[in-house]
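File shown here: protein-v8.txt, holding compact mmCIF, C-alpha atoms.
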# COMPACT_ATOMS: atom_id res chain seq x y z
CA MET L 1 32.88 -139.75 -62.68
CA LYS L 2 35.36 -138.73 -60.00
CA TYR L 3 34.59 -136.89 -56.78
CA ARG L 4 36.47 -134.47 -54.55
CA ARG L 5 35.96 -133.19 -51.01
CA ILE L 6 34.91 -129.57 -50.75
CA GLY L 7 37.88 -128.03 -48.99
CA ASN L 8 38.07 -129.19 -45.39
CA ALA L 9 34.43 -130.29 -45.33
CA GLY L 10 33.43 -133.94 -45.46
CA VAL L 11 30.96 -133.66 -48.34
CA LYS L 12 32.11 -134.70 -51.82
CA ILE L 13 30.91 -133.45 -55.19
CA SER L 14 31.59 -134.55 -58.74
CA GLU L 15 34.52 -132.97 -60.57
CA ILE L 16 31.98 -131.80 -63.13
CA SER L 17 28.94 -129.89 -61.86
CA LEU L 18 25.92 -128.93 -63.94
CA GLY L 19 24.89 -125.28 -63.80
CA SER L 20 21.74 -123.55 -65.00
CA TRP L 21 22.76 -119.99 -65.83
CA GLN L 22 21.57 -118.88 -69.31
CA THR L 23 19.92 -122.24 -69.96
CA PHE L 24 17.28 -123.74 -67.66
CA GLY L 25 14.08 -121.77 -67.30
CA SER L 26 15.02 -119.35 -70.06
CA ALA L 27 17.04 -120.31 -73.15
CA ILE L 28 15.95 -123.95 -73.43
CA ASP L 29 12.61 -125.67 -72.95
CA MET L 30 11.71 -128.26 -70.31
CA GLU L 31 12.23 -131.18 -72.66
CA ARG L 32 15.87 -130.27 -73.26
CA THR L 33 16.34 -129.29 -69.61
CA ALA L 34 15.13 -132.73 -68.57
CA ALA L 35 17.42 -134.43 -71.06
CA CYS L 36 20.49 -132.53 -69.81
CA VAL L 37 19.78 -133.10 -66.11
CA ARG L 38 18.99 -136.80 -66.56
CA LYS L 39 22.11 -137.33 -68.66
CA ALA L 40 24.23 -135.59 -66.02
CA TYR L 41 22.76 -137.70 -63.23
CA ASP L 42 23.20 -140.91 -65.21
CA LEU L 43 26.87 -140.05 -65.82
CA GLY L 44 27.51 -139.63 -62.11
CA ILE L 45 27.28 -135.86 -61.75
CA ASN L 46 25.93 -135.25 -58.26
CA SER L 47 26.40 -131.46 -58.05
CA PHE L 48 23.72 -129.17 -59.49
CA ASP L 49 23.96 -125.39 -59.30
CA THR L 50 21.35 -122.67 -59.71
CA ALA L 51 20.37 -119.24 -58.32
CA ASP L 52 17.25 -117.26 -57.54
CA VAL L 53 18.13 -114.69 -60.21
CA TYR L 54 18.63 -117.18 -63.07
CA GLY L 55 15.78 -116.60 -65.48
CA TYR L 56 14.93 -113.14 -64.16
CA GLY L 57 14.86 -110.76 -67.09
CA GLN L 58 14.12 -113.48 -69.65
CA THR L 59 11.24 -115.14 -67.81
CA TYR L 60 10.90 -114.66 -64.05
CA ALA L 61 12.90 -114.90 -60.84
CA GLY L 62 13.38 -118.51 -59.79
CA ALA L 63 12.62 -119.94 -63.24
CA ALA L 64 15.89 -121.89 -63.36
CA GLU L 65 15.40 -123.17 -59.83
CA GLU L 66 11.95 -124.49 -60.69
CA ALA L 67 13.06 -126.08 -63.95
CA LEU L 68 16.07 -127.81 -62.38
CA ALA L 69 14.16 -129.01 -59.33
CA LYS L 70 11.32 -130.40 -61.40
CA ILE L 71 13.71 -132.98 -62.85
CA LEU L 72 15.90 -133.53 -59.79
CA ASN L 73 12.83 -134.38 -57.74
CA GLU L 74 12.67 -137.62 -59.73
CA TYR L 75 15.73 -138.79 -57.77
CA PRO L 76 16.37 -139.51 -54.06
CA ARG L 77 17.18 -136.22 -52.33
CA HIS L 78 20.25 -137.63 -50.58
CA SER L 79 21.83 -138.62 -53.90
CA PHE L 80 22.71 -135.13 -55.14
CA VAL L 81 24.13 -131.84 -53.88
CA LEU L 82 21.92 -128.86 -54.71
CA SER L 83 23.11 -125.27 -54.48
CA THR L 84 21.44 -121.92 -55.00
CA LYS L 85 22.33 -118.28 -54.37
CA ALA L 86 21.11 -114.85 -53.31
CA PHE L 87 22.27 -111.26 -53.84
CA TRP L 88 21.15 -109.92 -57.23
CA PRO L 89 17.78 -108.13 -57.53
CA VAL L 90 14.82 -110.48 -57.96
CA GLY L 91 12.11 -107.83 -57.76
CA GLU L 92 11.42 -104.11 -57.71
CA GLY L 93 11.40 -103.74 -53.92
CA VAL L 94 14.20 -101.91 -52.12
CA ASN L 95 14.98 -105.06 -50.11
CA ASP L 96 14.69 -107.53 -53.01
CA LYS L 97 18.47 -107.67 -53.31
CA GLY L 98 21.69 -107.72 -51.33
CA LEU L 99 22.77 -109.74 -48.30
CA SER L 100 20.78 -108.20 -45.50
CA ARG L 101 19.33 -110.61 -42.94
CA LYS L 102 15.90 -109.86 -44.37
CA HIS L 103 16.82 -110.68 -47.96
CA VAL L 104 19.03 -113.70 -47.16
CA ILE L 105 16.32 -115.35 -45.05
CA GLU L 106 13.47 -114.49 -47.42
CA SER L 107 15.45 -115.53 -50.49
CA CYS L 108 16.35 -118.89 -48.99
CA ASN L 109 12.75 -119.57 -47.97
CA ALA L 110 11.51 -118.61 -51.44
CA SER L 111 14.07 -120.86 -53.12
CA LEU L 112 13.12 -123.82 -50.92
CA LYS L 113 9.46 -123.31 -51.76
CA ARG L 114 10.12 -123.03 -55.50
CA MET L 115 12.27 -126.16 -55.54
CA GLY L 116 10.03 -128.20 -53.29
CA THR L 117 12.81 -129.19 -50.91
CA GLU L 118 13.34 -128.83 -47.17
CA TYR L 119 16.98 -127.80 -47.55
CA VAL L 120 19.69 -126.82 -49.99
CA ASP L 121 23.11 -128.35 -49.59
CA ILE L 122 24.98 -125.13 -50.40
CA PHE L 123 23.65 -121.59 -50.14
CA TYR L 124 25.91 -119.04 -51.85
CA CYS L 125 26.24 -115.31 -51.34
CA HIS L 126 26.23 -114.49 -55.05
CA ARG L 127 28.42 -111.39 -54.61
CA TYR L 128 29.88 -109.41 -51.71
CA ASP L 129 27.48 -106.75 -50.40
CA PRO L 130 29.29 -103.56 -49.32
CA GLU L 131 26.02 -102.10 -48.00
CA THR L 132 25.47 -104.81 -45.38
CA PRO L 133 27.71 -105.47 -42.36
CA LEU L 134 29.50 -108.74 -42.96
CA GLU L 135 28.56 -109.92 -39.47
CA GLU L 136 24.87 -109.50 -40.26
CA THR L 137 25.13 -111.69 -43.37
CA LEU L 138 27.21 -114.40 -41.70
CA MET L 139 24.91 -114.60 -38.68
CA ALA L 140 21.85 -114.90 -40.93
CA LEU L 141 23.54 -117.75 -42.82
CA ASP L 142 24.48 -119.42 -39.55
CA ASP L 143 20.84 -119.28 -38.46
CA LEU L 144 19.76 -120.95 -41.70
CA VAL L 145 22.22 -123.77 -41.04
CA LYS L 146 20.97 -124.19 -37.48
CA GLN L 147 17.39 -124.31 -38.80
CA GLY L 148 18.35 -127.14 -41.16
CA LYS L 149 17.45 -125.15 -44.27
CA VAL L 150 21.06 -124.89 -45.43
CA LEU L 151 23.79 -127.48 -44.92
CA TYR L 152 26.83 -125.53 -46.09
CA ILE L 153 27.71 -121.90 -46.79
CA GLY L 154 29.43 -120.59 -49.91
CA VAL L 155 30.43 -117.33 -51.57
CA SER L 156 30.78 -116.36 -55.21
CA GLU L 157 33.06 -113.74 -56.76
CA TRP L 158 34.12 -112.33 -53.39
CA PRO L 159 37.43 -110.45 -53.23
CA ALA L 160 40.17 -112.24 -51.32
CA GLU L 161 40.23 -109.66 -48.54
CA GLN L 162 36.52 -110.13 -47.84
CA ILE L 163 36.92 -113.91 -47.73
CA VAL L 164 39.70 -113.44 -45.17
CA ARG L 165 37.46 -111.12 -43.12
CA ALA L 166 34.58 -113.57 -43.26
CA VAL L 167 36.77 -116.47 -42.13
CA LYS L 168 38.03 -114.39 -39.21
CA ILE L 169 34.50 -113.47 -38.12
CA THR L 170 33.18 -117.04 -38.32
CA LYS L 171 36.07 -118.25 -36.18
CA GLU L 172 35.74 -115.48 -33.61
CA ARG L 173 31.96 -115.87 -33.30
CA ARG L 174 32.01 -119.65 -33.73
CA LEU L 175 29.66 -119.50 -36.70
CA ASN L 176 29.31 -122.17 -39.35
CA PRO L 177 32.22 -121.68 -41.78
CA ILE L 178 32.34 -120.86 -45.46
CA ILE L 179 33.32 -124.11 -47.18
CA ILE L 180 33.27 -123.20 -50.88
CA ASN L 181 33.92 -120.33 -53.26
CA GLN L 182 32.52 -120.02 -56.78
CA PRO L 183 34.65 -117.67 -58.89
CA CYS L 184 35.02 -117.24 -62.63
CA TYR L 185 38.16 -119.01 -63.81
CA ASN L 186 39.46 -120.38 -67.08
CA MET L 187 42.50 -120.35 -69.36
CA LEU L 188 41.67 -116.82 -70.53
CA ASN L 189 40.72 -115.37 -67.16
CA ARG L 190 43.22 -116.20 -64.43
CA CYS L 191 42.88 -113.13 -62.22
CA ILE L 192 42.12 -115.17 -59.07
CA GLU L 193 45.47 -116.97 -59.17
CA SER L 194 47.39 -114.31 -57.25
CA ASP L 195 45.14 -113.95 -54.21
CA VAL L 196 41.76 -115.76 -54.19
CA ILE L 197 43.08 -119.26 -54.89
CA PRO L 198 45.85 -119.12 -52.24
CA VAL L 199 43.43 -117.71 -49.63
CA CYS L 200 40.87 -120.45 -50.29
CA TYR L 201 43.49 -123.19 -50.24
CA ASN L 202 45.06 -121.95 -47.02
CA GLU L 203 41.68 -121.64 -45.29
CA GLY L 204 40.38 -125.02 -46.45
CA ILE L 205 37.74 -123.54 -48.76
CA GLY L 206 36.89 -125.52 -51.88
CA ILE L 207 36.64 -123.90 -55.31
CA ALA L 208 33.98 -124.65 -57.92
CA VAL L 209 34.58 -122.46 -60.95
CA TRP L 210 32.05 -121.06 -63.39
CA SER L 211 32.65 -120.18 -67.05
CA PRO L 212 35.43 -122.80 -67.38
CA ILE L 213 35.33 -122.58 -71.17
CA ALA L 214 35.15 -118.78 -71.32
CA GLN L 215 31.57 -118.53 -72.52
CA GLY L 216 32.31 -121.00 -75.31
CA VAL L 217 35.44 -119.31 -76.68
CA LEU L 218 37.58 -122.22 -75.43
CA THR L 219 35.62 -124.71 -77.52
CA GLY L 220 37.86 -123.71 -80.41
CA LYS L 221 34.96 -123.07 -82.78
CA TYR L 222 35.74 -119.36 -83.07
CA GLU L 223 38.73 -118.69 -85.30
CA LYS L 224 40.29 -115.35 -86.10
CA GLY L 225 39.63 -114.21 -89.64
CA LYS L 226 36.93 -116.80 -90.28
CA MET L 227 33.14 -116.67 -90.25
CA PHE L 228 31.72 -117.81 -86.93
CA PRO L 229 29.37 -120.84 -87.03
CA LYS L 230 25.77 -119.78 -87.71
CA GLU L 231 24.43 -121.83 -84.79
CA SER L 232 26.98 -120.44 -82.31
CA ARG L 233 26.13 -118.32 -79.28
CA ILE L 234 27.85 -115.24 -80.71
CA ASN L 235 25.24 -115.13 -83.48
CA ASP L 236 22.36 -115.45 -81.03
CA PRO L 237 21.46 -112.05 -79.45
CA MET L 238 19.50 -113.87 -76.69
CA ALA L 239 22.52 -115.92 -75.66
CA MET L 240 25.23 -113.30 -76.23
CA ASN L 241 26.49 -111.45 -73.17
CA PRO L 242 29.17 -108.86 -72.32
CA LEU L 243 31.44 -111.53 -70.82
CA MET L 244 31.65 -113.30 -74.14
CA GLU L 245 32.46 -110.07 -75.95
CA GLU L 246 35.37 -109.50 -73.56
CA TYR L 247 36.85 -112.88 -74.46
CA MET L 248 36.56 -112.38 -78.22
CA THR L 249 39.86 -110.60 -78.76
CA ASP L 250 42.51 -111.36 -81.36
CA GLU L 251 45.00 -112.15 -78.58
CA ASN L 252 42.66 -114.71 -77.00
CA LEU L 253 41.76 -116.29 -80.33
CA ASP L 254 45.47 -116.66 -81.09
CA LYS L 255 45.95 -118.44 -77.76
CA VAL L 256 43.01 -120.75 -78.44
CA ALA L 257 44.46 -121.63 -81.86
CA GLU L 258 47.75 -122.66 -80.22
CA LEU L 259 45.94 -124.58 -77.48
CA LYS L 260 43.89 -126.41 -80.09
CA ILE L 261 47.11 -127.75 -81.61
CA ILE L 262 47.88 -129.40 -78.27
CA ALA L 263 44.36 -130.81 -78.02
CA ASP L 264 44.52 -132.19 -81.56
CA ARG L 265 47.90 -133.77 -80.86
CA MET L 266 46.45 -135.48 -77.77
CA GLY L 267 43.37 -136.63 -79.69
CA ILE L 268 40.94 -134.75 -77.44
CA MET L 269 38.45 -131.93 -77.88
CA MET L 270 39.55 -128.39 -77.09
CA VAL L 271 36.81 -128.10 -74.45
CA ASP L 272 38.16 -131.19 -72.68
CA LEU L 273 41.63 -129.68 -72.58
CA ALA L 274 40.21 -126.52 -70.99
CA LEU L 275 38.36 -128.47 -68.30
CA ALA L 276 41.22 -130.89 -67.63
CA TRP L 277 43.62 -127.96 -67.21
CA ILE L 278 41.47 -126.61 -64.36
CA LEU L 279 41.02 -130.02 -62.75
CA ALA L 280 44.79 -130.56 -62.81
CA LYS L 281 45.08 -127.94 -60.06
CA LYS L 282 44.96 -129.36 -56.54
CA GLU L 283 43.07 -126.34 -55.23
CA MET L 284 40.06 -127.01 -57.46
CA THR L 285 36.99 -128.98 -56.41
CA SER L 286 34.76 -128.87 -59.46
CA VAL L 287 34.08 -127.10 -62.75
CA ILE L 288 30.54 -125.93 -63.43
CA ILE L 289 29.43 -126.52 -66.98
CA GLY L 290 26.37 -125.26 -68.82
CA ALA L 291 24.56 -127.33 -71.40
CA SER L 292 21.70 -126.90 -73.81
CA LYS L 293 21.74 -130.52 -74.98
CA PRO L 294 22.74 -133.82 -73.35
CA GLU L 295 25.52 -134.47 -75.85
CA GLN L 296 27.41 -131.51 -74.41
CA VAL L 297 27.21 -133.00 -70.92
CA GLU L 298 28.47 -136.33 -72.20
CA GLN L 299 31.41 -134.65 -73.94
CA ASN L 300 32.39 -132.51 -70.96
CA VAL L 301 32.43 -135.45 -68.56
CA LYS L 302 35.29 -136.99 -70.55
CA ALA L 303 37.61 -134.37 -69.08
CA VAL L 304 37.78 -136.14 -65.71
CA ASP L 305 39.75 -138.99 -67.26
CA ILE L 306 42.30 -136.78 -69.02
CA VAL L 307 45.69 -136.54 -67.32
CA LEU L 308 47.90 -133.68 -68.46
CA SER L 309 51.62 -134.38 -68.14
CA ASP L 310 54.00 -131.85 -66.62
CA ASP L 311 55.37 -131.16 -70.10
CA VAL L 312 51.92 -130.43 -71.49
CA LEU L 313 51.08 -128.19 -68.54
CA LYS L 314 54.33 -126.30 -69.06
CA GLU L 315 53.55 -125.92 -72.78
CA ILE L 316 50.09 -124.59 -71.95
CA GLY L 317 51.60 -122.19 -69.43
CA CYS L 318 53.93 -120.76 -72.06
CA ILE L 319 50.95 -120.07 -74.34
CA LEU L 320 48.86 -118.44 -71.63
CA ASP L 321 51.58 -116.30 -70.01
Translate this structure into structure tokens?
Amino acid sequence: MKYRRIGNAGVKISEISLGSWQTFGSAIDMERTAACVRKAYDLGINSFDTADVYGYGQTYAGAAEEALAKILNEYPRHSFVLSTKAFWPVGEGVNDKGLSRKHVIESCNASLKRMGTEYVDIFYCHRYDPETPLEETLMALDDLVKQGKVLYIGVSEWPAEQIVRAVKITKERRLNPIIINQPCYNMLNRCIESDVIPVCYNEGIGIAVWSPIAQGVLTGKYEKGKMFPKESRINDPMAMNPLMEEYMTDENLDKVAELKIIADRMGIMMVDLALAWILAKKEMTSVIIGASKPEQVEQNVKAVDIVLSDDVLKEIGCILD
């Protein structure tokens, strides 16, 4: 495994992080959850990502946090970086959502209790909240850091202009800074390249991307004009989601077919090419993978050792543009 600093911060995380969306606490049982987490840890992954909302709707709010923590608690707390998030509704109450001081503080405390830990390394604002003054959110997060419940602050899927505003406020008020952003990014979704990536790089904010293989479309197992594999996510109503449907276009499948030719020529899996392409960018800190079995973790980790030449990167760029 290889490790990178998160932006300008001193903490380092593995180039591959293990996430828990759509898997832990919902889609897979504890036996497979344990196998995935232990395999990740054994392979050197030290970054584990979850959220209070993961599991809500399928099981209950905090289900993924509990499942992940149950296995991570087998290891020394200092040996891994644990992150969770708040924003999305986790109950029926009017304040069970958003980034108000009330919800941020209560959500963090609830997550700590569920996971049986005194602190989380990174606490993310899962989305930007237009109904809460940004100062209120940032001051609440700063208080959590001062209380020792949160070590670092992150945001996820925030527009570039709101990241800029937040950075300005933290500097003016001398609050603890945002050190990491978690956007969606992959070969088929590059919308953050024009503004979010440059803002983060210029402000010393690390980037850990989710959906790096486009909900499985970049595995190469879906081919235009052919029957999709029976065991694939697209044939599982419980695992299917609107994001995946958006990726399943003829144009995208054509791109994947061309990309797979490059992967085959290099003797690597299509998924490894997709991950290595992201890691080839200096602005990136880590890619967050999902896994339902340990073999997937083992395969994905291979991407950290793949070096893409300038010629290959140029060839990929021609396919994607």
* Ser211 in chain L: which residues within 8 Å, counting all atoms listed in the file, same-chain residues fewer than 4 positions away excluded, as a PyMOL selection string? -> chain L and resi 184-186+215+288-289
Include C-alpha atoms and write out the residues we just selected as a PDB file, keeping the file's coordinate frame.
ATOM      1  CA  CYS L 184      35.020-117.240 -62.630  1.00  0.00           C
ATOM      2  CA  TYR L 185      38.160-119.010 -63.810  1.00  0.00           C
ATOM      3  CA  ASN L 186      39.460-120.380 -67.080  1.00  0.00           C
ATOM      4  CA  GLN L 215      31.570-118.530 -72.520  1.00  0.00           C
ATOM      5  CA  ILE L 288      30.540-125.930 -63.430  1.00  0.00           C
ATOM      6  CA  ILE L 289      29.430-126.520 -66.980  1.00  0.00           C
TER       7      ILE L 289
END
* **Residues near range 255-265 of chain L, cut-off 8 Å, all atoms listed in the file, skip fewer than 5 positions along chain, as a PyMOL selection string** => chain L and resi 217-218+220+223+270+273+312+316+319-320
* Asked: Excluding same-chain residues fewer than 6 positions from Lys85 in chain L, what lies within 10 Å of it counting only C-alpha atoms, as a ChimeraX atom specification?
  -> /L:49-54,104,107-108,111,120,122-127,153-156
Produce a table with one row for each residue of range 57-158 of chain L that has an atom at most 12 Å from any atom of range 162-170 of chain L, each row naming the nearest atom pair and its distance in Å at one decimal; use only C-alpha atoms; arrange rows by chain and rising residue number; format as CSV.
residue,atom,partner,partner_atom,distance
L:Cys125,CA,L:Ile163,CA,11.4
L:Arg127,CA,L:Gln162,CA,10.6
L:Tyr128,CA,L:Gln162,CA,7.7
L:Asp129,CA,L:Gln162,CA,10.0
L:Pro130,CA,L:Gln162,CA,9.9
L:Pro133,CA,L:Ala166,CA,10.7
L:Leu134,CA,L:Ala166,CA,7.0
L:Glu135,CA,L:Ile169,CA,7.1
L:Glu136,CA,L:Ile169,CA,10.6
L:Thr137,CA,L:Ala166,CA,9.6
L:Leu138,CA,L:Thr170,CA,7.4
L:Met139,CA,L:Thr170,CA,8.6
L:Ala140,CA,L:Thr170,CA,11.8
L:Leu141,CA,L:Thr170,CA,10.7
L:Asp142,CA,L:Thr170,CA,9.1
L:Ile153,CA,L:Thr170,CA,11.2
L:Gly154,CA,L:Ile163,CA,10.3
L:Val155,CA,L:Ile163,CA,8.3
L:Ser156,CA,L:Ile163,CA,10.0
L:Glu157,CA,L:Ile163,CA,9.8
L:Trp158,CA,L:Gln162,CA,6.4
* Using all atoms listed in the file, can you list as a PyMOL selection string the residues within 9 Å of (36.0, -138.6, -56.5)? -> chain L and resi 1-5+12-15
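From CA of Phe48 in chain L back to CA of Glu92 in chain L, the distance works out to 28.0 Å.
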* Compile the contact shell of range 297-306 of chain L as a VMD selection string: residues with an atom at most 10 Å away, counting only C-alpha atoms, same-chain residues fewer than 4 positions apart removed. => chain L and resid 1 to 3 14 to 18 35 to 37 39 to 40 42 to 45 266 268 to 269 271 to 280 287 289 to 293
Take the residues from that selection and put them in a file with C-alpha atoms, as a PDB file, in the frame of the given file.
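The file below, part.pdb, is the result:
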ATOM      1  CA  MET L   1      32.880-139.750 -62.680  1.00  0.00           C
ATOM      2  CA  LYS L   2      35.360-138.730 -60.000  1.00  0.00           C
ATOM      3  CA  TYR L   3      34.590-136.890 -56.780  1.00  0.00           C
ATOM      4  CA  SER L  14      31.590-134.550 -58.740  1.00  0.00           C
ATOM      5  CA  GLU L  15      34.520-132.970 -60.570  1.00  0.00           C
ATOM      6  CA  ILE L  16      31.980-131.800 -63.130  1.00  0.00           C
ATOM      7  CA  SER L  17      28.940-129.890 -61.860  1.00  0.00           C
ATOM      8  CA  LEU L  18      25.920-128.930 -63.940  1.00  0.00           C
ATOM      9  CA  ALA L  35      17.420-134.430 -71.060  1.00  0.00           C
ATOM     10  CA  CYS L  36      20.490-132.530 -69.810  1.00  0.00           C
ATOM     11  CA  VAL L  37      19.780-133.100 -66.110  1.00  0.00           C
ATOM     12  CA  LYS L  39      22.110-137.330 -68.660  1.00  0.00           C
ATOM     13  CA  ALA L  40      24.230-135.590 -66.020  1.00  0.00           C
ATOM     14  CA  ASP L  42      23.200-140.910 -65.210  1.00  0.00           C
ATOM     15  CA  LEU L  43      26.870-140.050 -65.820  1.00  0.00           C
ATOM     16  CA  GLY L  44      27.510-139.630 -62.110  1.00  0.00           C
ATOM     17  CA  ILE L  45      27.280-135.860 -61.750  1.00  0.00           C
ATOM     18  CA  MET L 266      46.450-135.480 -77.770  1.00  0.00           C
ATOM     19  CA  ILE L 268      40.940-134.750 -77.440  1.00  0.00           C
ATOM     20  CA  MET L 269      38.450-131.930 -77.880  1.00  0.00           C
ATOM     21  CA  VAL L 271      36.810-128.100 -74.450  1.00  0.00           C
ATOM     22  CA  ASP L 272      38.160-131.190 -72.680  1.00  0.00           C
ATOM     23  CA  LEU L 273      41.630-129.680 -72.580  1.00  0.00           C
ATOM     24  CA  ALA L 274      40.210-126.520 -70.990  1.00  0.00           C
ATOM     25  CA  LEU L 275      38.360-128.470 -68.300  1.00  0.00           C
ATOM     26  CA  ALA L 276      41.220-130.890 -67.630  1.00  0.00           C
ATOM     27  CA  TRP L 277      43.620-127.960 -67.210  1.00  0.00           C
ATOM     28  CA  ILE L 278      41.470-126.610 -64.360  1.00  0.00           C
ATOM     29  CA  LEU L 279      41.020-130.020 -62.750  1.00  0.00           C
ATOM     30  CA  ALA L 280      44.790-130.560 -62.810  1.00  0.00           C
ATOM     31  CA  VAL L 287      34.080-127.100 -62.750  1.00  0.00           C
ATOM     32  CA  ILE L 289      29.430-126.520 -66.980  1.00  0.00           C
ATOM     33  CA  GLY L 290      26.370-125.260 -68.820  1.00  0.00           C
ATOM     34  CA  ALA L 291      24.560-127.330 -71.400  1.00  0.00           C
ATOM     35  CA  SER L 292      21.700-126.900 -73.810  1.00  0.00           C
ATOM     36  CA  LYS L 293      21.740-130.520 -74.980  1.00  0.00           C
TER      37      LYS L 293
END
Cut-off 12 Å: closest range 238-299 of chain L/range 189-194 of chain L atom pairs per residue, using all atoms listed in the file, as CSV:
residue,atom,partner,partner_atom,distance
L:Leu243,CA,L:Asn189,CA,10.7
L:Met244,CA,L:Asn189,CA,11.6
L:Glu246,CA,L:Asn189,CA,10.2
L:Tyr247,CA,L:Asn189,CA,8.6
L:Asn252,CA,L:Asn189,CA,10.1
L:Ala274,CA,L:Asn189,CA,11.8
L:Ile278,CA,L:Arg190,CA,10.6
L:Lys281,CA,L:Glu193,CA,11.0
L:Glu283,CA,L:Glu193,CA,10.4
L:Met284,CA,L:Glu193,CA,11.5
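Taking CA of Asn109 in chain L and CA of Ala69 in chain L as endpoints, the distance between them is 14.8 Å.
Restricting the calculation to all atoms listed in the file, the smallest distance between Met187 in chain L and any of L:Gly216, L:Gly116, L:Gly91, L:Gly7 is found for L:Gly216.
In this model, the gap between CA of Gly93 in chain L and CA of Gly148 in chain L comes to 27.5 Å.
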* **Best match for closeness to Thr23 in chain L among L:Gly98, L:Gly206, L:Gly55, L:Pro294, counting all atoms listed in the file** => L:Gly55
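With distances taken over all atoms listed in the file, L:Ile180 is the one residue among L:Ile180, L:Leu188, L:Val90, L:Leu308 lying closest to Ile207 in chain L.
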* Identify the residues around (14.8, -134.4, -62.9) within a radius of 12 Å, measuring from only C-alpha atoms in the coordinates stated by the file, and give them as an MDAnalysis selection string. => chainID L and resid 24 30:42 48 65:77 80 115
Using the file's own x, y and z axes, so that the box edges lie along x, y and z, what centre and edge lengths in Å (one decimal) does a box around every listed atom of range 8-12 of chain L get when 5 Å is added on each side? Give it as JSON.
{"center_x": 34.5, "center_y": -131.9, "center_z": -48.6, "size_x": 17.1, "size_y": 15.5, "size_z": 16.5}
* Asked: Using all atoms listed in the file, which residue out of L:Glu131, L:Arg173, L:Asp310, L:Gly267 lies closest to Asn95 in chain L?
  -> L:Glu131
